[in-house]
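> Quick one: the structure is below, and I'll ask about it shortly.
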Amino acid sequence: MSDDTSDISEGDTSGIAGGEASGTAWIPRHAQGRSPAGTDGSKTRRRVKRTLMVISGMLVLVVGGTVAYAGYWYYRIDHNIKGAPLHGAAPDQLASAGIVQPTPDPYGDVPINILLIGTDARLPGQDASLGGYTDPSGRSDVEMLVHVSADRSNATVVSLPRDTMVPIPACVDAKGNNYPAQSVAMINSALAAGPGCQVDTVEEFTHVKIDHFMMVDFSGVVALTDAVGGVPVCVTKAVNDPDSHLNLPAGTSVIQGDTALEFLRTREGFSDGSDLYRTQAQHQYLSALIRKMKSQATFDNPLQATHLMDIASKSLTVDDGIASVSKLLDLANTLKKVPTQNITFLTMPTVAYQPDPNRVAPDTALDNQIFSLIAHDQSVTGPTTTSSASGATPTTPSPTPSATSSTLSPGAVQDPIVVENGTSNDGRSRQLAATLQADGFKKATGVSYSDVATTQVFYSTPEAKAGAESVAAALQLPATAVQSGGDGSAPIVVRVGADFASGDVFSPGSSSTASGSGSGSGTSSSSSQPSALPSAALSSAAGENAADTNLCVTAAGS
């Protein structure tokens, strides 16, 4: 059993005026009608009054200082964040007709698609020092399309190899400079016209509607890794790459600082030295970073979250739609709901580009399958009802039956909600209460409870049923979890069992993660799991699971 509350002992009140703990000031007792020897009653009262004034003044200073401190950090981070237009293509170049528009789910939620860009621009200062020289032009050294499902139950991250040759639309940068369209060019070259042009290039190529972009530079990678105390990575044999300066022993190492950047940028040190194997290293790094941040409950701790956002904001450029502290916090609270074991990393399949052996071309047949699933909000690793070996068109994955659709929005639920911790994890009820608060349930609190196996949501009156269903839907609990009853501690009680001991949303069987294929394989066993992609497509995309701690990058010469 976990104890989410602290015992508060009551002190001896015998020396407090009136015999009660008034919380104001301690006043000694004396015989009725008499003042203590050598003192005057009025002087004592004046001293008490002065003491109360001092205490009140101190409280004002503390509260005021706290508010000012919070305001300072809010202003500082907000000022650090750089915003830019989401789109950069010339008006007549926007291919909106070919973009698949998302369809809301039964609860009105829509998927989120984010383009992550790691830029190799070497601006004067730390970026130039890390990159080796100054070059402000920059291309997207890392490019990933992140898809988060409408129900937040799963996410797919697709790396787009930077050497891929695709069409680039005509674009206009922030200064009004025009960039002509190119029938074919390296996908990362679009960033020369700004991140909005990069977004439009990916949208036109994949037909996936992109909602946001987030771009980070060299120094941001180093600072972020240092902020979490480093992340563990694995290589199959020792790596000593003179180009990136990466020097790692075989096996697992915890990297941070410049070593983290060297690991992400290394090409020659991995497998055949191509950009395709570098994406495996990037996937392993991001998987380890996600696990580290979730294990530390980074975004559940206001101080940690503020510190991390301050560091990230110095090197971050985002689209104007999320260029504020409040918008980024909302996005972070949304993204953290996805269970780690339901995050899949893929590398976009490619084929040889005949005009230049140093470049690659999209594998159109396989890529169309991947991006079609993403555009239509279908998990690439969800179960199917057809055999993937037969080559038949996969059916839409069937989601786990969830709580009945409720027309009651989180903000409309006015009943108090008590989250009871029936797991062995300390602080579990407070964590889920914070999740519910972030979802809009403002009256959620956490307490301890005896160990239970199964999570249930109770409502004490018929009027509270709709609110209980809304809570269950937000946590993605099955419809059977909503029951009449409870212990009367609140109109709505969420009793968290061992089957929901971690994560922000319920995931059946989440205690079992994808097993690795061994430290020498360079890929995870995700491809053996039920998949909405034919096995050939998933294998070609080198599917990796973020929860797999056995991922190991294939080193050169392995």
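Following the order of the structure tokens, first chain is A, next is B, and so on, with residues numbered from 1 inside each chain and ligands from 1 in the order they appear.
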Determine, counting only C-alpha atoms, which protein, DNA and RNA residues have an atom within 10 Å of an atom of region 359-361 of chain A; residues of the same chain fewer than 4 positions away are not included. Present the result as a list in words.
Pro161, Arg162, Asp163, Thr164, Met165, Val166, Val184, Ala185, Met186, Ser274, Asp275, Leu276, Pro349, Thr350, Val351, Ala352, Tyr353, Gln354 and Pro355 of chain A
> Using only C-alpha atoms, pick whichever of A:Ile343, A:Ala192, A:Leu477, A:Ala150 has the shortest atom-to-atom distance to Arg291 (chain A).
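Looking at the shortest contact to Arg291 (chain A), the residue is A:Ile343.
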> Among region 427-479 of chain A, which residues does DSSP mark as strand (DSSP E) when it is run on the backbone? Keep the chain and numbering as in the structure and answer as a ChimeraX atom specification.
/A:444-448,456-459
> Within 12 Å of Ala227 (chain A), counting only C-alpha atoms, which residues show up once you throw out same-chain ones fewer than 4 positions away? Write them as a ChimeraX atom specification, please.
/A:220-223,231,255-257,289,292-293,296,298,304-312
> Pick out the closest residue to Gly98 (chain A) from this set: A:Ala474, A:Val239, A:Ala498, A:Val208. Count only C-alpha atoms.
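The answer is A:Val208, which sits nearest to Gly98 (chain A).
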> Which residues come within 6 Å of Ser244 (chain A), counting only C-alpha atoms, excluding same-chain residues fewer than 2 positions away, as a PyMOL selection string?
chain A and resi 241-242+246+262+266
> Next, dump the selected residues to file, keeping only C-alpha atoms, as a PDB file, in the first residue's frame.

```pdb
ATOM      1  CA  ASP A 241      34.865   8.217 -35.432  1.00  0.00           C
ATOM      2  CA  PRO A 242      37.417  10.935 -36.364  1.00  0.00           C
ATOM      3  CA  LEU A 246      32.624  10.159 -31.100  1.00  0.00           C
ATOM      4  CA  GLU A 262      28.557  13.488 -31.513  1.00  0.00           C
ATOM      5  CA  THR A 266      27.893  10.199 -36.370  1.00  0.00           C
TER       6      THR A 266
END
```
> Show which residues sit within 12 Å of Ala174 (chain A), as a ChimeraX atom specification. Count only C-alpha atoms, and ignore same-chain residues fewer than 6 positions away.
/A:83-90,191-197
> For each of A:Ile370, A:Cys234, A:Ile112, A:Ala468, take the minimum atom-to-atom distance to Ser484 (chain A), counting only C-alpha atoms, then give the residue where this is smallest.
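Among A:Ile370, A:Cys234, A:Ile112, A:Ala468, it is A:Ala468 that comes nearest to Ser484 (chain A).
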> Would you kindly return, as a JSON list (two decimals) with N, CA, C and O atoms, in the first residue's frame, each protein, DNA or RNA residue with an atom no farther than 8 Å from any atom of Ala501 (chain A), considering only C-alpha atoms and excluding same-chain residues fewer than 6 positions away?

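Ended up saving to around.json:
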```
[["chain", "number", "residue", "atom", "x", "y", "z"],
["A", 423, "THR", "N", -2.10, 1.23, -5.74],
["A", 423, "THR", "CA", -0.90, 0.60, -6.28],
["A", 423, "THR", "C", 0.22, 0.66, -5.25],
["A", 423, "THR", "O", 0.08, 1.26, -4.18],
["A", 424, "SER", "N", 1.34, 0.09, -5.58],
["A", 424, "SER", "CA", 2.51, 0.12, -4.69],
["A", 424, "SER", "C", 3.43, 1.29, -5.02],
["A", 424, "SER", "O", 4.51, 1.41, -4.45],
["A", 425, "ASN", "N", 3.01, 2.15, -5.95],
["A", 425, "ASN", "CA", 3.84, 3.28, -6.37],
["A", 425, "ASN", "C", 3.50, 4.54, -5.57],
["A", 425, "ASN", "O", 2.38, 5.04, -5.66],
["A", 428, "ARG", "N", 1.29, 7.89, -6.77],
["A", 428, "ARG", "CA", 0.54, 7.58, -7.99],
["A", 428, "ARG", "C", -0.78, 8.36, -8.08],
["A", 428, "ARG", "O", -1.15, 8.85, -9.15]]
```
> What is the CA of Gly503 (chain A) to CA of Gln431 (chain A) distance in Å?
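Calculated distance between CA of Gly503 (chain A) and CA of Gln431 (chain A) is 9.1 Å.
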> Using DSSP on the backbone, list every residue of region 154-235 of chain A that comes out as alpha helix (DSSP H), and give them as a list in words.
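The alpha helix (DSSP H) subset of region 154-235 of chain A is Pro195, Gly196, Cys197, Gln198, Val199, Asp200, Thr201, Val202, Glu203, Glu204, Phe205, Thr206, Phe218, Ser219, Gly220, Val221, Val222, Ala223, Leu224, Thr225, Asp226 and Ala227 of chain A.
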> One number please: CA of Glu268 (chain A) to CA of Asn358 (chain A), in Å, one decimal.
13.5 Å
